[in-house]
file final24.cif (mmCIF, C-alpha atoms)
data_work
#
loop_
_atom_site.label_atom_id
_atom_site.label_comp_id
_atom_site.auth_asym_id
_atom_site.auth_seq_id
_atom_site.Cartn_x
_atom_site.Cartn_y
_atom_site.Cartn_z
CA LEU H 236 -30.95 -35.34 -26.46
CA SER H 237 -27.30 -34.44 -27.15
CA MET H 238 -26.67 -31.40 -29.33
CA ARG H 239 -23.42 -29.96 -30.61
CA THR H 240 -22.89 -26.30 -29.74
CA THR H 241 -20.09 -23.80 -30.34
CA SER H 242 -18.65 -24.66 -26.95
CA GLY H 243 -19.01 -28.43 -27.20
CA PHE H 244 -22.05 -30.57 -26.40
CA SER H 245 -25.17 -29.84 -24.42
CA GLN H 246 -27.79 -32.29 -23.23
CA GLN H 247 -31.50 -31.80 -22.82
CA LEU H 248 -33.93 -34.23 -21.20
CA ILE H 249 -37.05 -34.75 -23.31
CA PHE H 250 -40.18 -36.87 -22.97
CA PRO H 251 -41.26 -37.83 -26.51
CA TRP H 252 -44.87 -38.54 -25.65
CA ALA H 253 -48.27 -36.92 -26.00
CA LEU H 254 -51.01 -37.44 -23.43
CA ILE H 255 -54.59 -37.37 -24.72
CA THR H 256 -57.25 -36.67 -22.11
CA TYR H 257 -60.96 -37.19 -22.71
CA GLY H 258 -63.26 -37.06 -19.70
CA ASP H 259 -61.70 -39.24 -17.02
CA THR H 260 -59.63 -41.28 -19.47
CA GLN H 261 -56.05 -40.71 -20.57
CA ILE H 262 -54.07 -42.46 -23.32
CA PRO H 263 -50.33 -41.86 -23.93
CA VAL H 264 -49.08 -41.68 -27.51
CA SER H 265 -45.44 -42.35 -28.32
CA LEU H 266 -43.98 -39.77 -30.70
CA LEU H 267 -40.74 -41.63 -31.47
CA GLN H 268 -40.59 -44.92 -33.37
CA ASN H 269 -37.66 -47.22 -32.65
CA ARG H 270 -35.69 -48.20 -35.74
CA THR H 271 -32.62 -50.41 -35.47
CA ASN H 272 -29.45 -49.10 -37.16
CA ALA H 273 -31.20 -45.89 -38.23
CA THR H 274 -29.58 -42.48 -37.87
CA PRO H 275 -31.25 -39.90 -35.59
CA GLU H 276 -32.45 -38.04 -38.69
CA GLN H 277 -34.03 -41.21 -40.09
CA VAL H 278 -35.72 -41.96 -36.76
CA LEU H 279 -37.24 -38.47 -36.74
CA ASN H 280 -38.41 -38.90 -40.32
CA TYR H 281 -40.04 -42.28 -39.63
CA SER H 282 -41.64 -40.89 -36.47
CA ALA H 283 -43.05 -37.83 -38.25
CA GLN H 284 -44.61 -40.05 -40.92
CA ASN H 285 -46.24 -42.16 -38.20
CA LEU H 286 -47.76 -39.29 -36.17
CA GLU H 287 -51.07 -39.12 -38.02
CA TYR H 288 -51.67 -42.85 -37.65
CA ALA H 289 -50.72 -42.83 -33.95
CA PHE H 290 -52.95 -39.86 -33.07
CA ILE H 291 -55.97 -41.05 -35.06
CA SER H 292 -55.74 -44.51 -33.50
CA ALA H 293 -55.66 -43.02 -29.99
CA LEU H 294 -58.41 -40.49 -30.70
CA ARG H 295 -60.69 -43.18 -32.10
CA LYS H 296 -60.30 -45.24 -28.93
CA MET H 297 -60.98 -42.19 -26.76
CA VAL H 298 -64.09 -40.71 -28.37
CA SER H 299 -65.84 -43.69 -29.95
CA GLY H 300 -67.06 -45.07 -26.62
CA ASP H 301 -66.75 -48.49 -28.22
CA TRP H 302 -64.25 -50.90 -26.68
CA PRO H 303 -64.12 -53.90 -29.04
CA LEU H 304 -63.83 -57.32 -27.43
CA VAL H 305 -60.61 -59.21 -28.21
CA GLY H 306 -60.27 -62.85 -27.16
CA PHE H 307 -57.08 -64.95 -27.03
CA THR H 308 -57.81 -68.67 -27.37
CA GLU H 309 -56.85 -71.11 -24.64
CA GLY H 310 -57.14 -74.84 -24.13
CA HIS H 311 -54.73 -75.90 -26.90
CA GLY H 312 -51.39 -75.44 -25.16
CA GLU H 313 -51.20 -71.72 -25.95
CA PRO H 314 -48.72 -69.50 -24.04
CA ASP H 315 -49.84 -68.70 -20.50
CA ASP H 316 -50.93 -65.29 -19.20
CA LEU H 317 -47.37 -64.50 -18.10
CA GLN H 318 -45.96 -64.95 -21.60
CA LEU H 319 -48.87 -62.98 -23.06
CA TYR H 320 -48.91 -60.42 -20.25
CA ASP H 321 -47.68 -57.41 -22.22
CA ALA H 322 -49.80 -58.28 -25.26
CA LEU H 323 -52.94 -58.44 -23.10
CA HIS H 324 -51.96 -55.44 -20.98
CA SER H 325 -51.08 -53.19 -23.94
CA LEU H 326 -54.32 -53.94 -25.77
CA ALA H 327 -56.34 -53.18 -22.63
CA ASP H 328 -55.81 -49.44 -23.28
CA GLY H 329 -58.41 -49.49 -26.04
CA TYR H 330 -60.03 -52.92 -25.98
CA GLN H 331 -61.73 -55.39 -23.69
CA VAL H 332 -59.24 -58.26 -23.65
CA GLY H 333 -59.49 -61.77 -22.21
CA ARG H 334 -59.02 -65.48 -22.81
CA VAL H 335 -61.55 -67.53 -24.79
CA ASN H 336 -62.18 -71.25 -24.39
CA LEU H 337 -63.94 -72.32 -27.58
CA ASP H 338 -64.94 -75.65 -26.07
CA SER H 339 -67.18 -73.99 -23.47
CA MET H 340 -68.11 -70.74 -25.25
CA GLY H 341 -71.57 -70.62 -26.80
CA PHE H 342 -72.62 -69.04 -30.07
CA ASP H 343 -74.05 -66.00 -28.25
CA GLY H 344 -70.61 -65.32 -26.79
CA LEU H 345 -69.00 -65.57 -30.21
CA GLU H 346 -71.43 -62.98 -31.56
CA ARG H 347 -70.24 -60.44 -28.96
CA LEU H 348 -66.58 -61.05 -29.84
CA ASP H 349 -64.90 -58.72 -32.35
CA VAL H 350 -61.42 -60.26 -32.79
CA LEU H 351 -60.21 -63.78 -32.09
CA VAL H 352 -56.44 -64.20 -31.60
CA VAL H 353 -55.08 -67.72 -32.12
CA ALA H 354 -51.58 -67.36 -30.65
CA LYS H 355 -49.21 -70.34 -30.85
CA PRO H 356 -51.45 -73.32 -30.11
CA THR H 357 -49.55 -76.58 -29.65
CA GLN H 358 -52.47 -79.03 -29.42
CA PRO H 359 -55.13 -79.84 -32.05
CA PHE H 360 -58.50 -78.14 -32.33
CA THR H 361 -61.61 -80.31 -32.34
CA GLU H 362 -64.11 -80.28 -35.18
CA ALA H 363 -66.63 -78.63 -32.86
CA GLU H 364 -64.18 -75.82 -32.07
CA LYS H 365 -63.48 -75.35 -35.78
CA TYR H 366 -67.22 -75.15 -36.37
CA LYS H 367 -67.42 -72.30 -33.84
CA ILE H 368 -64.48 -70.49 -35.46
CA ASN H 369 -66.21 -70.84 -38.83
CA TYR H 370 -69.47 -69.51 -37.35
CA PHE H 371 -67.53 -66.53 -35.96
CA VAL H 372 -66.04 -65.79 -39.38
CA MET H 373 -69.41 -66.11 -41.14
CA LYS H 374 -70.78 -63.45 -38.77
CA GLY H 375 -68.01 -61.06 -39.84
CA GLY H 376 -65.60 -61.80 -36.98
CA ARG H 377 -61.93 -60.94 -37.46
CA ILE H 378 -59.07 -63.36 -36.72
CA LEU H 379 -55.35 -62.98 -36.06
CA TRP H 380 -53.59 -66.29 -36.69
CA ALA H 381 -50.08 -66.72 -35.22
CA ILE H 382 -49.25 -70.34 -35.97
CA ASP H 383 -46.18 -72.52 -35.45
CA GLN H 384 -46.25 -75.62 -37.65
CA SER H 385 -43.17 -77.12 -35.95
CA ASP H 386 -42.29 -78.15 -32.41
CA ALA H 387 -38.81 -76.58 -32.44
CA GLY H 388 -37.66 -75.05 -29.16
CA LEU H 389 -34.41 -73.66 -27.79
CA ASP H 390 -34.91 -75.34 -24.40
CA SER H 391 -34.90 -78.77 -26.04
CA LEU H 392 -31.77 -77.87 -27.98
CA ARG H 393 -29.95 -76.68 -24.85
CA ALA H 394 -30.81 -79.92 -23.06
CA THR H 395 -29.55 -82.29 -25.75
CA GLY H 396 -27.56 -80.14 -28.17
CA SER H 397 -29.65 -81.25 -31.13
CA GLN H 398 -33.28 -81.80 -32.03
CA THR H 399 -35.30 -83.45 -34.75
CA VAL H 400 -37.99 -80.92 -35.56
CA VAL H 401 -41.30 -82.54 -36.47
CA ALA H 402 -44.62 -81.16 -37.64
CA ARG H 403 -47.18 -79.93 -35.15
CA ARG H 404 -50.64 -81.24 -36.06
CA LEU H 405 -53.22 -78.62 -35.12
CA ASN H 406 -56.10 -79.87 -37.28
CA LEU H 407 -56.52 -76.41 -38.81
CA ASP H 408 -55.19 -76.97 -42.33
CA ASP H 409 -58.56 -77.56 -44.01
CA LEU H 410 -60.10 -74.54 -42.27
CA LEU H 411 -57.25 -72.24 -43.30
CA PHE H 412 -57.08 -73.65 -46.83
CA THR H 413 -60.75 -72.84 -47.38
CA TYR H 414 -60.15 -69.26 -46.26
CA GLY H 415 -57.18 -68.90 -48.64
CA ILE H 416 -54.12 -69.43 -46.47
CA ARG H 417 -51.66 -72.29 -46.00
CA PHE H 418 -49.04 -72.47 -43.27
CA ASN H 419 -46.16 -74.52 -44.63
CA TYR H 420 -44.28 -77.21 -42.74
CA ASP H 421 -40.83 -75.65 -42.85
CA LEU H 422 -38.34 -73.50 -40.94
CA ILE H 423 -36.64 -70.28 -42.02
CA ALA H 424 -32.90 -69.91 -41.49
CA ASP H 425 -32.12 -66.22 -41.94
CA MET H 426 -28.78 -64.44 -41.73
CA ASN H 427 -30.66 -61.38 -40.45
CA CYS H 428 -31.35 -62.84 -37.03
CA ALA H 429 -31.31 -62.32 -33.27
CA HIS H 430 -28.52 -63.46 -30.96
CA ILE H 431 -28.52 -66.03 -28.15
CA PRO H 432 -25.97 -66.58 -25.35
CA MET H 433 -23.58 -69.49 -25.82
CA THR H 434 -20.85 -70.94 -23.63
CA VAL H 435 -17.59 -70.58 -25.55
CA GLY H 436 -15.10 -71.66 -22.89
CA ASN H 437 -14.18 -71.77 -19.21
CA MET H 438 -11.80 -69.55 -17.32
CA GLY H 439 -11.07 -69.78 -13.62
CA GLY H 440 -14.06 -72.03 -13.08
CA GLN H 441 -16.37 -69.49 -14.69
CA ALA H 442 -18.18 -70.20 -17.95
CA GLN H 443 -17.37 -67.73 -20.71
CA ILE H 444 -20.61 -66.55 -22.32
CA GLU H 445 -20.85 -64.75 -25.65
CA LEU H 446 -23.76 -63.74 -27.82
CA ALA H 447 -23.89 -65.52 -31.16
CA PRO H 448 -26.27 -65.13 -34.11
CA TRP H 449 -28.93 -67.85 -34.23
CA LEU H 450 -30.26 -68.33 -37.75
CA PHE H 451 -33.60 -69.70 -36.54
CA TYR H 452 -34.52 -66.45 -34.74
CA PRO H 453 -35.18 -64.28 -37.82
CA ILE H 454 -35.68 -60.53 -37.57
CA PHE H 455 -38.31 -59.53 -40.12
CA VAL H 456 -37.76 -55.96 -41.30
CA PRO H 457 -40.90 -54.37 -42.79
CA THR H 458 -40.30 -52.97 -46.25
CA GLY H 459 -43.83 -52.31 -47.49
CA THR H 460 -46.15 -49.34 -47.00
CA HIS H 461 -49.16 -51.07 -45.47
CA PRO H 462 -50.39 -49.17 -42.36
CA VAL H 463 -49.99 -52.23 -40.14
CA LEU H 464 -46.22 -52.26 -40.65
CA LYS H 465 -45.28 -48.88 -42.09
CA ASN H 466 -42.18 -47.40 -40.40
CA LEU H 467 -42.02 -50.15 -37.77
CA ASP H 468 -38.77 -51.55 -36.44
CA GLY H 469 -37.77 -55.16 -37.11
CA ILE H 470 -40.01 -57.87 -35.68
CA ARG H 471 -38.36 -60.61 -33.67
CA SER H 472 -39.40 -64.23 -34.24
CA GLU H 473 -38.39 -67.70 -33.09
CA PHE H 474 -38.39 -70.77 -35.34
CA ALA H 475 -40.65 -69.12 -37.88
CA GLY H 476 -42.03 -70.81 -40.96
CA THR H 477 -43.53 -69.59 -44.22
CA LEU H 478 -47.03 -69.31 -45.63
CA ASP H 479 -48.72 -69.24 -49.02
CA THR H 480 -51.95 -67.67 -50.17
CA ILE H 481 -54.48 -69.65 -52.19
CA ALA H 482 -56.87 -68.30 -54.79
CA VAL H 483 -60.37 -68.00 -53.29
CA PRO H 484 -63.09 -66.05 -55.14
CA GLY H 485 -63.79 -62.69 -53.53
CA ILE H 486 -60.81 -62.78 -51.14
CA ARG H 487 -58.11 -60.12 -51.51
CA LYS H 488 -54.71 -61.20 -50.29
CA GLU H 489 -51.55 -59.21 -49.59
CA ILE H 490 -48.17 -60.41 -48.31
CA ILE H 491 -47.09 -57.77 -45.79
CA LEU H 492 -44.00 -59.34 -44.21
CA ARG H 493 -41.12 -61.39 -45.58
CA SER H 494 -37.80 -62.79 -44.48
CA SER H 495 -34.60 -61.15 -45.69
CA PRO H 496 -33.16 -62.12 -49.10
CA PHE H 497 -30.38 -63.93 -47.22
CA SER H 498 -32.50 -66.82 -46.01
CA ARG H 499 -33.16 -70.45 -46.84
CA LEU H 500 -35.75 -73.07 -45.93
CA LEU H 501 -35.54 -76.37 -44.08
CA SER H 502 -38.37 -78.80 -44.74
CA ILE H 503 -39.88 -80.57 -41.74
CA PRO H 504 -38.90 -83.05 -40.39
CA ALA H 505 -35.44 -81.55 -40.03
CA GLY H 506 -32.48 -82.00 -37.74
CA ILE H 507 -31.00 -78.87 -36.15
CA SER H 508 -28.10 -78.51 -33.74
CA LEU H 509 -26.51 -75.79 -31.65
CA GLN H 510 -23.26 -76.63 -33.46
CA LEU H 511 -24.66 -74.64 -36.39
CA ILE H 512 -23.61 -71.53 -34.47
CA GLU H 513 -19.96 -72.50 -34.91
CA GLU H 514 -20.32 -72.77 -38.69
CA GLU H 515 -19.85 -69.75 -40.91
CA PRO H 516 -22.97 -69.40 -43.11
CA ASP H 517 -22.28 -69.62 -46.82
CA PRO H 518 -23.81 -66.50 -48.44
CA ALA H 519 -24.23 -68.44 -51.69
CA VAL H 520 -26.59 -70.86 -49.93
CA PHE H 521 -28.55 -68.09 -48.21
CA GLY H 522 -28.61 -65.60 -51.07
CA ASN H 523 -31.83 -66.99 -52.39
CA ARG H 524 -34.96 -64.86 -52.02
CA PRO H 525 -37.25 -63.47 -49.31
CA TYR H 526 -40.00 -65.81 -48.13
CA PRO H 527 -43.53 -64.73 -47.14
CA VAL H 528 -44.25 -64.93 -43.40
CA ALA H 529 -47.36 -62.73 -42.89
CA ALA H 530 -50.40 -62.02 -45.04
CA LEU H 531 -53.64 -60.05 -44.86
CA LEU H 532 -56.87 -61.51 -46.23
CA GLU H 533 -60.02 -59.45 -46.77
CA GLY H 534 -63.45 -60.23 -48.18
CA SER H 535 -66.39 -62.59 -47.72
CA PHE H 536 -64.96 -65.95 -46.69
CA PRO H 537 -66.57 -69.27 -47.70
CA SER H 538 -67.94 -71.57 -45.04
CA VAL H 539 -65.86 -74.65 -44.31
CA PHE H 540 -68.92 -76.58 -43.13
CA ALA H 541 -71.26 -75.79 -46.03
CA GLY H 542 -73.05 -79.02 -46.94
CA ARG H 543 -71.38 -80.96 -44.13
CA PRO H 544 -73.12 -82.53 -41.12
CA LEU H 545 -72.77 -80.94 -37.70
CA PRO H 546 -69.66 -82.18 -35.91
CA GLN H 547 -69.92 -84.10 -32.68
CA GLY H 548 -70.39 -81.77 -29.73
CA ILE H 549 -72.51 -79.18 -31.58
CA THR H 550 -76.09 -79.43 -30.35
CA ALA H 551 -77.44 -76.05 -31.38
CA GLN H 552 -78.06 -75.52 -35.08
CA PRO H 553 -77.44 -71.86 -35.88
CA VAL H 554 -77.94 -70.72 -39.44
CA VAL H 555 -74.53 -70.76 -41.18
CA PRO H 556 -74.51 -69.31 -44.72
CA GLU H 557 -72.25 -70.59 -47.49
CA TRP H 558 -70.47 -67.22 -47.59
CA GLY H 559 -69.89 -64.93 -44.63
CA LYS H 560 -70.18 -61.22 -44.06
CA PRO H 561 -67.15 -59.10 -45.09
CA SER H 562 -64.27 -59.79 -42.72
CA ARG H 563 -60.51 -59.61 -42.33
CA MET H 564 -57.76 -61.98 -41.25
CA LEU H 565 -54.07 -61.53 -40.52
CA ALA H 566 -51.92 -64.68 -40.69
CA ILE H 567 -48.39 -64.87 -39.24
CA ALA H 568 -46.24 -68.00 -39.63
CA ASP H 569 -44.82 -67.72 -36.11
CA GLY H 570 -46.50 -67.79 -32.72
CA ASP H 571 -43.62 -66.26 -30.78
CA VAL H 572 -44.15 -62.89 -32.48
CA LEU H 573 -46.91 -62.30 -29.90
CA THR H 574 -45.23 -63.81 -26.81
CA GLY H 575 -42.89 -61.96 -24.47
CA GLN H 576 -39.82 -63.20 -22.67
CA VAL H 577 -39.88 -63.82 -18.91
CA ASN H 578 -37.18 -62.87 -16.39
CA PRO H 579 -35.77 -66.20 -15.12
CA ASN H 580 -34.84 -64.69 -11.75
CA ASP H 581 -38.11 -63.18 -10.52
CA HIS H 582 -40.45 -64.54 -13.23
CA SER H 583 -41.59 -61.06 -14.20
CA PRO H 584 -42.65 -60.49 -17.82
CA TYR H 585 -40.59 -58.37 -20.17
CA PRO H 586 -42.28 -56.02 -22.66
CA LEU H 587 -43.42 -57.65 -25.88
CA GLY H 588 -40.56 -57.47 -28.39
CA TRP H 589 -37.87 -56.95 -25.75
CA ASP H 590 -34.79 -59.15 -26.17
CA ARG H 591 -33.33 -59.72 -22.71
CA TYR H 592 -30.06 -61.00 -24.15
CA THR H 593 -29.20 -57.96 -26.27
CA GLU H 594 -31.41 -55.50 -24.31
CA GLN H 595 -32.99 -54.33 -27.52
CA GLN H 596 -36.63 -53.45 -28.17
CA TYR H 597 -38.08 -54.77 -31.42
CA GLY H 598 -41.30 -53.74 -33.12
CA ASN H 599 -43.51 -56.67 -32.00
CA LYS H 600 -45.73 -54.62 -29.68
CA SER H 601 -46.40 -51.90 -32.25
CA PHE H 602 -47.11 -54.61 -34.81
CA LEU H 603 -49.71 -56.21 -32.56
CA MET H 604 -51.36 -52.89 -31.69
CA ASN H 605 -51.51 -51.83 -35.35
CA ALA H 606 -52.81 -55.24 -36.40
CA ILE H 607 -55.72 -55.18 -33.95
CA ASP H 608 -56.48 -51.58 -34.88
CA TYR H 609 -56.61 -52.58 -38.53
CA LEU H 610 -58.73 -55.67 -37.96
CA THR H 611 -61.33 -53.74 -35.96
CA ASP H 612 -61.37 -50.54 -38.05
#
call {"tool": "encode", "arguments": {"input": "final24.cif", "output": "structure tokens"}}
result
Amino acid sequence: LSMRTTSGFSQQLIFPWALITYGDTQIPVSLLQNRTNATPEQVLNYSAQNLEYAFISALRKMVSGDWPLVGFTEGHGEPDDLQLYDALHSLADGYQVGRVNLDSMGFDGLERLDVLVVAKPTQPFTEAEKYKINYFVMKGGRILWAIDQSDAGLDSLRATGSQTVVARRLNLDDLLFTYGIRFNYDLIADMNCAHIPMTVGNMGGQAQIELAPWLFYPIFVPTGTHPVLKNLDGIRSEFAGTLDTIAVPGIRKEIILRSSPFSRLLSIPAGISLQLIEEEPDPAVFGNRPYPVAALLEGSFPSVFAGRPLPQGITAQPVVPEWGKPSRMLAIADGDVLTGQVNPNDHSPYPLGWDRYTEQQYGNKSFLMNAIDYLTD
């Protein structure tokens, strides 16, 4: 901490953390919240407003003796444990965290689960797996959806220079529609975005690399007051889409995250190219409106399989009501919000929300921690 004094500047080394000890368990609590482009005074103000939430969340985990079970789905091309390392590791401070294979998990296992995280699947779900998800919701289970409806990827673009982005068919649309959410088949191009390295020339046999803004890596800056996102830094995304909420009786819906007002949409299928970096965005085209990218849903959700025969692969016949117990869902129209970058040299995982190109920490990890806290309590 640098401070101006009568004789110049002085520096003091501080550790802005609290350590809560209860029995043999310790949990650290960060006292400072990162906030991009904020002044030191604003950072202190945001941090002070967040103290009560941070302490109560940690205290609840310490003294409740209850470690809710959080399961990340696998078997549908989801990110591997290395990409999800920091998400899994960070949640392990207050939760039992693991991977869940819906194909092999029985209904008794679903009843022990508290939160199901569906993070960036790339392959379709079977009807039997959807039946199990629906059973989980009817029992009051909570779900965090982080869905990519497109197959866009920077690796494909680097290999060929351009890509035709097509829809990713996950066989979840009817399930989500019944619950009151629709992930749209589109891409957000946002002038408030992250940067990627690009080769801009060659000098002395060495490639000249510069960081350039990439419109398809939006940074979503929270502007609302909901506890999940209050005072958080921007949230980094990659090839994000939009979502809409649908009127369902008894379900309360709230959009909690949007793109910046300087964004536009591309309908899928769409052609994108790295040459877009060389073009100066026209503010008149982007000065449209913010688009919804994350929503909370709360209430008693209707059953998708009410009045329908059991799908193939379901042998047991548990009682599934037409309406479930009160539950919550958080839907995010981007799967990369929950995945971390990996060091290409030693294949070690970076912290969730860390941008290895700009060496900047975004608010993705805090967002995930707050979201799971909110879903479970």
call {"tool": "residues_around", "arguments": {"input": "final24.cif", "residues": "Tyr320 in chain H", "least_positions_apart": "5", "cutoff": "12 Å", "atoms": "all atoms listed in the file", "output": "list in words"}}
result
Phe307, Pro314, Asp315, Ser325, Leu326, Ala327, Val332, Gly333, Arg334, Leu573, Thr574, Gly575, Gln576, Val577, His582, Ser583, Pro584, Tyr585, Pro586, Leu587 and Lys600 of chain H
call {"tool": "residues_around", "arguments": {"input": "final24.cif", "residues": "Gln384 in chain H", "least_positions_apart": "4", "cutoff": "7 Å", "atoms": "all atoms listed in the file", "output": "short mmCIF file (atom, residue, chain, number, x, y, z; two decimals) with C-alpha atoms, in the coordinates of the input"}}
result
data_model
loop_
_atom_site.label_atom_id
_atom_site.label_comp_id
_atom_site.auth_asym_id
_atom_site.auth_seq_id
_atom_site.Cartn_x
_atom_site.Cartn_y
_atom_site.Cartn_z
CA ALA H 402 -44.62 -81.16 -37.64
CA ARG H 403 -47.18 -79.93 -35.15
CA TYR H 420 -44.28 -77.21 -42.74
#
call {"tool": "atom_distance", "arguments": {"input": "final24.cif", "atom1": "CA of Leu236 in chain H", "atom2": "CA of Ile249 in chain H"}}
result
6.9 Å
call {"tool": "residues_around", "arguments": {"input": "final24.cif", "residues": "range 551-559 of chain H", "least_positions_apart": "5", "cutoff": "10 Å", "atoms": "only C-alpha atoms", "output": "count of residues only"}}
result
21
call {"tool": "resolve_selection", "arguments": {"input": "final24.cif", "expression": "the PyMOL selection byres ((chain H and resi 474) around 10)", "output": "list in words"}}
result
Asp383, Gln384, Ser385, Asp386, Ala387, Gly388, Leu389, Asp421, Leu422, Ile423, Ala424, Trp449, Leu450, Phe451, Tyr452, Pro453, Ser472, Glu473, Ala475, Gly476, Ala568, Asp569, Gly570 and Asp571 of chain H
call {"tool": "resolve_selection", "arguments": {"input": "final24.cif", "expression": "the PyMOL selection byres ((chain H and resi 286-295) around 10)", "output": "ChimeraX atom specification"}}
result
/H:253-257,261-268,281-285,296-301,328-329,462-463,465,604-605,608-609,612
call {"tool": "closest_residue", "arguments": {"input": "final24.cif", "among": "H:Leu379, H:Leu532, H:Leu304, H:Val278", "to": "Thr480 in chain H", "atoms": "only C-alpha atoms"}}
result
H:Leu532
call {"tool": "closest_residue", "arguments": {"input": "final24.cif", "among": "H:Asp409, H:Glu364, H:Glu445, H:Asp590", "to": "Ile470 in chain H", "atoms": "all atoms listed in the file"}}
result
H:Asp590
call {"tool": "atom_distance", "arguments": {"input": "final24.cif", "atom1": "CA of Glu533 in chain H", "atom2": "CA of Phe360 in chain H"}}
result
23.7 Å
